[in-house]
$ cat upload_32.txt   # compact mmCIF, C-alpha atoms and all ligand atoms
# COMPACT_ATOMS: atom_id res chain seq x y z
CA MET A 16 3.37 -12.43 156.88
CA LYS A 17 5.54 -9.85 158.58
CA PHE A 18 7.63 -8.69 155.61
CA PRO A 19 5.58 -9.40 152.49
CA ARG A 20 7.57 -6.88 150.43
CA THR A 21 10.89 -8.47 151.33
CA THR A 22 9.77 -11.99 150.47
CA GLN A 23 8.20 -10.76 147.25
CA ALA A 24 11.43 -9.03 146.28
CA ALA A 25 13.37 -12.15 147.17
CA SER A 26 11.18 -14.35 144.98
CA VAL A 27 11.47 -11.87 142.09
CA LEU A 28 15.23 -11.85 142.53
CA ALA A 29 15.32 -15.65 142.65
CA SER A 30 13.28 -15.96 139.46
CA MET A 31 15.52 -13.40 137.78
CA LEU A 32 18.55 -15.43 138.74
CA VAL A 33 16.98 -18.65 137.51
CA SER A 34 15.88 -17.13 134.19
CA GLY A 35 19.28 -15.49 133.79
CA LEU A 36 21.09 -18.76 134.34
CA ALA A 37 18.63 -20.81 132.30
CA PHE A 38 19.10 -18.37 129.49
CA ALA A 39 22.86 -18.76 129.55
CA GLN A 40 22.46 -22.46 128.80
CA ASN A 41 19.84 -22.25 126.06
CA GLU A 42 20.31 -19.18 123.91
CA PRO A 43 23.79 -18.00 123.16
CA SER A 44 22.93 -14.71 121.48
CA GLU A 45 19.60 -13.07 122.30
CA PRO A 46 19.20 -11.37 125.65
CA VAL A 47 16.04 -12.08 127.63
CA ARG A 48 14.03 -9.92 129.98
CA TRP A 49 15.63 -9.72 133.43
CA GLN A 50 18.73 -11.48 132.19
CA LEU A 51 21.54 -10.83 134.66
CA ASN A 52 24.60 -12.31 133.07
CA MET A 53 26.41 -11.54 129.83
CA THR A 54 25.51 -13.42 126.65
CA PRO A 55 28.20 -16.03 125.90
CA GLY A 56 28.14 -15.14 122.20
CA VAL A 57 29.00 -17.22 119.13
CA THR A 58 32.66 -16.46 118.35
CA SER A 59 35.93 -17.26 120.11
CA THR A 60 36.31 -13.57 120.96
CA ALA A 61 32.88 -13.48 122.58
CA ALA A 62 33.60 -16.71 124.46
CA ASN A 63 36.88 -15.22 125.72
CA ALA A 64 35.12 -12.07 126.91
CA TYR A 65 32.59 -14.23 128.72
CA THR A 66 35.31 -16.35 130.32
CA ALA A 67 37.30 -13.28 131.42
CA HIS A 68 34.12 -11.83 132.87
CA MET A 69 33.32 -15.04 134.78
CA ILE A 70 36.89 -15.27 136.18
CA MET A 71 36.61 -11.72 137.52
CA LEU A 72 33.10 -12.31 138.80
CA TRP A 73 34.15 -15.33 140.88
CA ILE A 74 37.26 -13.54 142.20
CA CYS A 75 34.97 -10.68 143.30
CA VAL A 76 32.52 -13.12 144.88
CA VAL A 77 35.30 -14.73 146.94
CA ILE A 78 36.71 -11.34 148.00
CA GLY A 79 33.19 -10.17 148.88
CA ILE A 80 32.53 -13.23 151.04
CA ILE A 81 35.87 -12.85 152.88
CA VAL A 82 35.57 -9.07 153.47
CA PHE A 83 31.91 -9.00 154.45
CA GLY A 84 32.36 -12.20 156.47
CA ALA A 85 35.25 -10.65 158.43
CA MET A 86 33.20 -7.49 158.99
CA ALA A 87 30.18 -9.39 160.22
CA TYR A 88 32.34 -11.55 162.47
CA ALA A 89 34.03 -8.50 164.01
CA ILE A 90 30.75 -6.63 164.48
CA ILE A 91 29.05 -9.52 166.22
CA LYS A 92 31.94 -11.05 168.17
CA PHE A 93 33.44 -7.78 169.47
CA ARG A 94 30.29 -5.84 170.15
CA HIS A 95 29.92 -3.32 172.94
CA ALA A 96 27.05 -5.25 174.52
CA LYS A 97 29.42 -8.12 175.18
CA GLY A 98 31.88 -5.83 176.91
CA ALA A 99 34.42 -5.45 174.09
CA LYS A 100 36.90 -2.61 174.64
CA PRO A 101 38.79 -0.82 171.82
CA ASP A 102 42.55 -1.30 171.81
CA THR A 103 43.62 2.30 172.24
CA ASP A 104 47.35 1.54 172.02
CA PHE A 105 47.21 -0.07 168.57
CA THR A 106 48.49 2.13 165.70
CA HIS A 107 49.50 -0.16 162.84
CA SER A 108 50.84 -3.57 161.86
CA THR A 109 53.57 -3.76 159.24
CA LYS A 110 52.98 -7.46 158.76
CA LEU A 111 49.25 -6.94 158.02
CA GLU A 112 49.96 -4.06 155.66
CA LEU A 113 52.41 -6.17 153.71
CA ILE A 114 49.87 -8.98 153.45
CA TRP A 115 47.07 -6.78 152.21
CA THR A 116 49.30 -5.15 149.64
CA ILE A 117 50.87 -8.34 148.27
CA ILE A 118 47.65 -10.37 147.99
CA PRO A 119 45.84 -7.78 145.77
CA ILE A 120 48.96 -7.53 143.58
CA LEU A 121 48.89 -11.29 143.10
CA ILE A 122 45.16 -11.17 142.32
CA LEU A 123 45.70 -8.40 139.75
CA VAL A 124 48.59 -10.17 138.04
CA GLY A 125 46.74 -13.48 138.15
CA SER A 126 43.68 -12.01 136.43
CA ALA A 127 45.64 -9.85 133.97
CA TRP A 128 47.49 -12.91 132.67
CA PRO A 129 44.51 -14.75 131.12
CA ALA A 130 42.85 -11.46 130.12
CA THR A 131 45.94 -10.36 128.16
CA LYS A 132 46.15 -13.72 126.43
CA MET A 133 42.54 -13.31 125.29
CA VAL A 134 43.05 -9.76 124.03
CA ILE A 135 46.09 -10.93 122.05
CA ALA A 136 43.98 -13.71 120.53
CA GLN A 137 41.70 -11.05 119.00
CA TYR A 138 44.08 -8.15 118.30
CA GLY A 139 47.56 -9.69 118.36
CA ALA A 140 49.54 -11.66 115.82
CA SER A 141 46.60 -13.77 114.58
CA GLN A 142 44.89 -10.52 113.48
CA ASN A 143 47.53 -10.12 110.80
CA THR A 144 48.92 -13.57 110.10
CA GLU A 145 45.85 -15.77 109.74
CA LYS A 146 44.34 -15.72 106.32
CA ASP A 147 41.02 -13.97 105.80
CA GLU A 148 38.65 -15.90 103.57
CA MET A 149 36.57 -12.89 102.63
CA VAL A 150 36.31 -9.14 103.23
CA ILE A 151 33.21 -7.07 103.92
CA LYS A 152 33.27 -3.29 103.92
CA VAL A 153 30.83 -1.70 106.33
CA THR A 154 29.95 1.98 105.97
CA GLY A 155 27.81 3.87 108.46
CA TYR A 156 25.39 6.52 107.23
CA GLN A 157 22.78 8.62 108.98
CA TRP A 158 20.91 6.28 109.61
CA MET A 159 21.62 3.03 107.88
CA TRP A 160 24.43 0.63 107.07
CA ARG A 161 25.96 -0.23 103.74
CA TYR A 162 27.59 -3.61 103.14
CA GLU A 163 29.98 -4.27 100.26
CA TYR A 164 31.25 -7.79 99.61
CA VAL A 165 34.70 -6.84 98.43
CA GLY A 166 35.60 -8.44 95.10
CA GLU A 167 32.15 -9.99 94.68
CA GLY A 168 30.26 -7.02 93.24
CA VAL A 169 27.55 -7.34 95.87
CA ASP A 170 26.72 -4.10 97.61
CA PHE A 171 23.56 -3.05 99.43
CA ILE A 172 22.03 -0.76 102.05
CA SER A 173 20.51 -2.20 105.19
CA ARG A 174 18.03 -0.10 107.13
CA LEU A 175 15.29 -0.33 109.74
CA ASP A 176 12.44 -2.54 108.55
CA ARG A 177 9.53 -0.64 107.10
CA LYS A 178 6.92 -1.80 109.58
CA SER A 179 8.99 -0.64 112.57
CA ASP A 180 9.64 2.64 110.82
CA GLU A 181 5.92 3.20 110.23
CA LEU A 182 5.03 2.26 113.79
CA ARG A 183 7.64 4.53 115.34
CA GLN A 184 6.68 7.56 113.23
CA SER A 185 2.91 7.26 113.34
CA ALA A 186 1.09 9.05 116.14
CA ALA A 187 -1.70 6.49 115.72
CA SER A 188 0.35 3.41 116.66
CA SER A 189 -0.55 2.10 120.09
CA GLN A 190 1.44 0.06 122.57
CA SER A 191 -0.39 -3.07 121.48
CA ASP A 192 0.46 -2.45 117.81
CA ILE A 193 4.09 -2.17 118.80
CA ALA A 194 3.95 -5.25 121.03
CA ALA A 195 2.37 -7.20 118.16
CA HIS A 196 5.30 -6.43 115.87
CA ARG A 197 7.96 -8.94 116.80
CA SER A 198 11.49 -7.55 116.77
CA TYR A 199 10.19 -3.98 116.84
CA LEU A 200 13.15 -1.71 115.99
CA ARG A 201 15.46 -4.73 115.84
CA ASP A 202 14.83 -5.88 112.26
CA VAL A 203 16.24 -4.55 109.01
CA ASP A 204 14.99 -4.73 105.45
CA LYS A 205 18.09 -6.58 104.22
CA PRO A 206 20.34 -8.32 106.73
CA LEU A 207 24.07 -8.85 106.34
CA VAL A 208 24.48 -12.47 105.27
CA ILE A 209 27.74 -14.28 106.03
CA PRO A 210 28.89 -17.90 105.88
CA ALA A 211 29.50 -19.94 109.04
CA ASP A 212 32.94 -21.24 109.91
CA THR A 213 34.68 -18.68 107.71
CA ARG A 214 37.26 -16.11 108.77
CA ILE A 215 35.84 -12.77 107.67
CA ARG A 216 37.63 -9.43 107.72
CA PHE A 217 35.46 -6.38 108.28
CA VAL A 218 36.75 -2.99 107.19
CA ILE A 219 34.64 -0.33 108.80
CA THR A 220 34.20 3.34 108.00
CA ALA A 221 31.50 6.02 107.84
CA ASP A 222 30.34 8.60 105.35
CA ASP A 223 28.97 11.40 107.52
CA VAL A 224 29.46 11.20 111.30
CA ILE A 225 30.95 8.64 113.67
CA HIS A 226 28.92 5.45 114.08
CA SER A 227 29.91 2.18 115.71
CA TRP A 228 29.15 -1.29 114.41
CA TRP A 229 28.26 -3.57 117.29
CA VAL A 230 26.80 -7.09 117.37
CA PRO A 231 27.27 -8.37 120.93
CA ALA A 232 27.15 -12.06 119.93
CA LEU A 233 30.28 -11.53 117.80
CA GLY A 234 32.16 -10.22 120.83
CA TRP A 235 33.52 -6.95 119.47
CA LYS A 236 32.52 -3.40 118.64
CA GLN A 237 34.28 -1.18 116.13
CA ASP A 238 33.95 2.56 115.53
CA ALA A 239 32.97 3.67 112.02
CA ILE A 240 34.77 6.98 111.48
CA PRO A 241 34.67 9.14 108.31
CA GLY A 242 38.08 9.17 106.63
CA ILE A 243 39.44 6.30 108.72
CA ILE A 244 39.23 2.59 108.03
CA ASN A 245 39.08 0.40 111.12
CA ASP A 246 39.11 -3.34 110.91
CA ALA A 247 38.10 -6.40 112.83
CA TRP A 248 37.64 -10.07 112.08
CA THR A 249 35.17 -12.73 113.01
CA LYS A 250 34.49 -16.42 112.55
CA VAL A 251 31.09 -17.68 113.59
CA ALA A 252 30.68 -21.40 114.18
CA THR A 253 26.90 -21.53 114.60
CA PRO A 254 24.46 -20.50 111.89
CA GLY A 255 21.74 -18.20 113.19
CA THR A 256 20.49 -14.64 113.34
CA TYR A 257 22.42 -12.19 115.47
CA ARG A 258 21.35 -8.66 116.20
CA GLY A 259 23.09 -5.46 117.08
CA VAL A 260 22.80 -1.69 117.01
CA CYS A 261 24.78 1.42 116.21
CA ALA A 262 26.73 2.07 119.40
CA GLU A 263 27.84 5.66 118.87
CA LEU A 264 25.42 8.55 119.26
CA CYS A 265 25.14 9.69 115.65
CA GLY A 266 22.16 11.99 115.42
CA LYS A 267 18.41 11.98 115.86
CA ASP A 268 17.82 8.49 114.48
CA HIS A 269 20.78 6.85 116.20
CA GLY A 270 18.39 4.52 117.97
CA PHE A 271 16.85 3.40 114.67
CA MET A 272 19.73 1.86 112.73
CA PRO A 273 19.81 -1.76 113.92
CA ILE A 274 22.11 -4.45 112.58
CA VAL A 275 21.04 -7.97 111.68
CA VAL A 276 23.63 -10.60 110.78
CA LYS A 277 22.36 -13.83 109.28
CA VAL A 278 24.93 -16.62 109.43
CA LEU A 279 24.23 -19.38 106.91
CA PRO A 280 25.92 -22.75 106.38
CA LYS A 281 28.58 -22.38 103.67
CA ALA A 282 26.60 -24.01 100.83
CA GLU A 283 23.50 -21.92 101.58
CA TYR A 284 25.64 -18.79 101.68
CA GLN A 285 27.10 -19.60 98.24
CA ALA A 286 23.58 -20.00 96.86
CA TRP A 287 22.56 -16.67 98.40
CA LEU A 288 25.67 -14.97 96.98
CA ALA A 289 24.99 -16.35 93.48
CA GLU A 290 21.44 -15.02 93.73
CA GLN A 291 22.69 -11.56 94.74
CA LYS A 292 25.22 -11.51 91.92
CA ALA A 293 22.58 -12.50 89.39
CA ALA A 294 20.33 -9.73 90.67
CA ALA A 295 23.17 -7.21 90.57
CA ALA A 296 24.31 -8.14 87.05
CA PRO A 297 22.82 -5.93 84.32
CA ALA A 298 20.03 -7.58 82.37
CA PRO A 299 21.27 -9.01 79.02
CA ALA A 300 18.84 -6.85 76.98
CA VAL A 301 20.42 -3.66 78.33
CA GLU A 302 23.92 -4.77 77.43
CA PRO A 303 25.01 -3.22 74.10
CA ALA A 304 25.54 -5.68 71.25
CA PRO A 305 29.19 -6.12 70.23
CA ALA A 306 30.07 -3.12 68.12
CA PRO A 307 30.92 -3.64 64.48
CA ALA A 308 34.52 -3.25 63.37
CA ALA A 309 35.80 0.32 63.28
CA THR A 310 36.20 0.30 59.52
CA GLU A 311 33.34 1.67 57.49
CA VAL A 312 31.22 -1.36 57.18
CA PRO A 313 27.99 -0.95 55.26
CA THR A 314 25.06 -1.41 57.62
CA GLU A 315 23.69 -4.19 55.48
CA ALA A 316 26.91 -6.14 55.86
CA ALA A 317 26.85 -5.65 59.64
CA THR A 318 23.34 -6.98 60.01
CA ALA A 319 23.71 -9.70 57.41
CA PRO A 320 24.91 -13.14 58.47
CA ALA A 321 28.68 -13.44 58.35
CA ALA A 322 28.58 -15.11 54.99
CA GLU A 323 30.80 -12.62 53.22
CA PRO A 324 32.78 -10.78 55.82
CA ALA A 325 35.75 -10.35 53.51
CA ALA A 326 33.67 -8.14 51.19
CA ALA A 327 33.54 -5.24 53.65
CA PRO A 328 37.25 -4.41 54.00
CA ALA A 329 37.67 -4.86 50.22
CA ALA A 330 35.15 -2.03 49.61
CU CU B 401 24.94 5.48 113.91

$ encode --input "upload_32.txt" --output "structure tokens" --more "lines below"
Ligand SMILES: [Cu+2]
Amino acid sequence: MKFPRTTQAASVLASMLVSGLAFAQNEPSEPVRWQLNMTPGVTSTAANAYTAHMIMLWICVVIGIIVFGAMAYAIIKFRHAKGAKPDTDFTHSTKLELIWTIIPILILVGSAWPATKMVIAQYGASQNTEKDEMVIKVTGYQWMWRYEYVGEGVDFISRLDRKSDELRQSAASSQSDIAAHRSYLRDVDKPLVIPADTRIRFVITADDVIHSWWVPALGWKQDAIPGIINDAWTKVATPGTYRGVCAELCGKDHGFMPIVVKVLPKAEYQAWLAEQKAAAAPAPAVEPAPAPAATEVPTEAATAPAAEPAAAPAA
């Protein structure tokens, strides 16, 4: 074959395109190797971002075809070899200039319209008027995340899973060890668990330096800044596991503070929450017994069954 490299590259490109497109239909959240397009995500915000992106992509494709088509046509049709002569008298055309100013304005306005509607859907009136069903406070630390379920008394730290941490720090770990550990650097010891189909408010801050909480499948990213509370909301329809990372360079282990969000069906979430609360509640043995009355009660009376309680105050 005359151009083996070119055909090879073309077949690689074709398979990339196919895998990229196939991916878009099957898996809404996890990127795949050689994926070309965005992930559609699992929230309305993510779906809007995807739609806005696709609108712009197709507008660009049409413009590209027209511009490069016109160029190719002009280059071939009016080539020197065919005896074409430049028009030396031509300086400008007001009509053409008007056309190529007005058409881009229309394209810009036409694409800004849907894009603005989508931004308002995430950050506009609904941000403040729709009722949140629960609130989670996220705090960034060097180099881990803390999740507090506001009003529930559930509060924990989520950090890089131990196995990944060992592999990354050990000089002895080989490429094959790393390849054998699925989700290397993408798993945490304790994921954030949230219910599906529930409007959740996130309040996001940090304790040391600026971090940024980002799970692409949710369709938004929010900075975690010490002394400032940012917020965002989400509502995930599909249960599943969604992964993210800290998206603000925050120190030497910035690359090692992943985020894992586990979305459970509502009933399963309630069971999980009850389990967490039970674990968080102090054990009954530790709890002090109800103190005796403040009056000087003889110790015998306090420990004795309440047969003669009236005797104590009388004494
Ligand atoms: Cu960080």

$ atom_distance --input "upload_32.txt" --atom1 "atom CA of A:Trp229" --atom2 "atom CA of A:Val275"
10.1 Å

$ closest_residue --input "upload_32.txt" --among "A:Ala239, A:Ile114, A:Ala293, A:Cys261" --to "ligand CU 401 (chain B)" --atoms "only C-alpha atoms and all ligand atoms"
A:Cys261

$ atom_distance --input "upload_32.txt" --atom1 "atom CA of A:Gly125" --atom2 "atom CA of A:Met53"
22.1 Å

$ residues_near_ligand --input "upload_32.txt" --ligand "ligand CU 401 (chain B)" --cutoff "7 Å" --atoms "all atoms listed in the file" --output "list of chain:residue names"
A:Gly155, A:Tyr156, A:Gln157, A:Trp158, A:Ile225, A:His226, A:Ser227, A:Cys261, A:Ala262, A:Glu263, A:Leu264, A:Cys265, A:His269, A:Met272

$ closest_residue --input "upload_32.txt" --among "A:Asp147, A:Asp268, A:Glu181, A:Asp170" --to "A:Phe217" --atoms "only C-alpha atoms"
A:Asp147

$ atom_distance --input "upload_32.txt" --atom1 "atom CA of A:Tyr65" --atom2 "atom CA of A:Ile120"
23.1 Å

$ closest_residue --input "upload_32.txt" --among "A:Val153, A:Leu182, A:Leu200, A:Val165" --to "A:Ile243" --atoms "all atoms listed in the file"
A:Val153

$ closest_residue --input "upload_32.txt" --among "A:Ala194, A:Ile118, A:Ala64, A:Met149" --to "A:Lys132" --atoms "all atoms listed in the file"
A:Ala64

$ closest_residue --input "upload_32.txt" --among "A:Arg48, A:Lys110, A:Lys152, A:Arg161" --to "A:Pro273" --atoms "all atoms listed in the file"
A:Arg161

$ closest_residue --input "upload_32.txt" --among "A:Val208, A:Ile151, A:Ile215, A:Val260" --to "A:Gln291" --atoms "all atoms listed in the file"
A:Val208
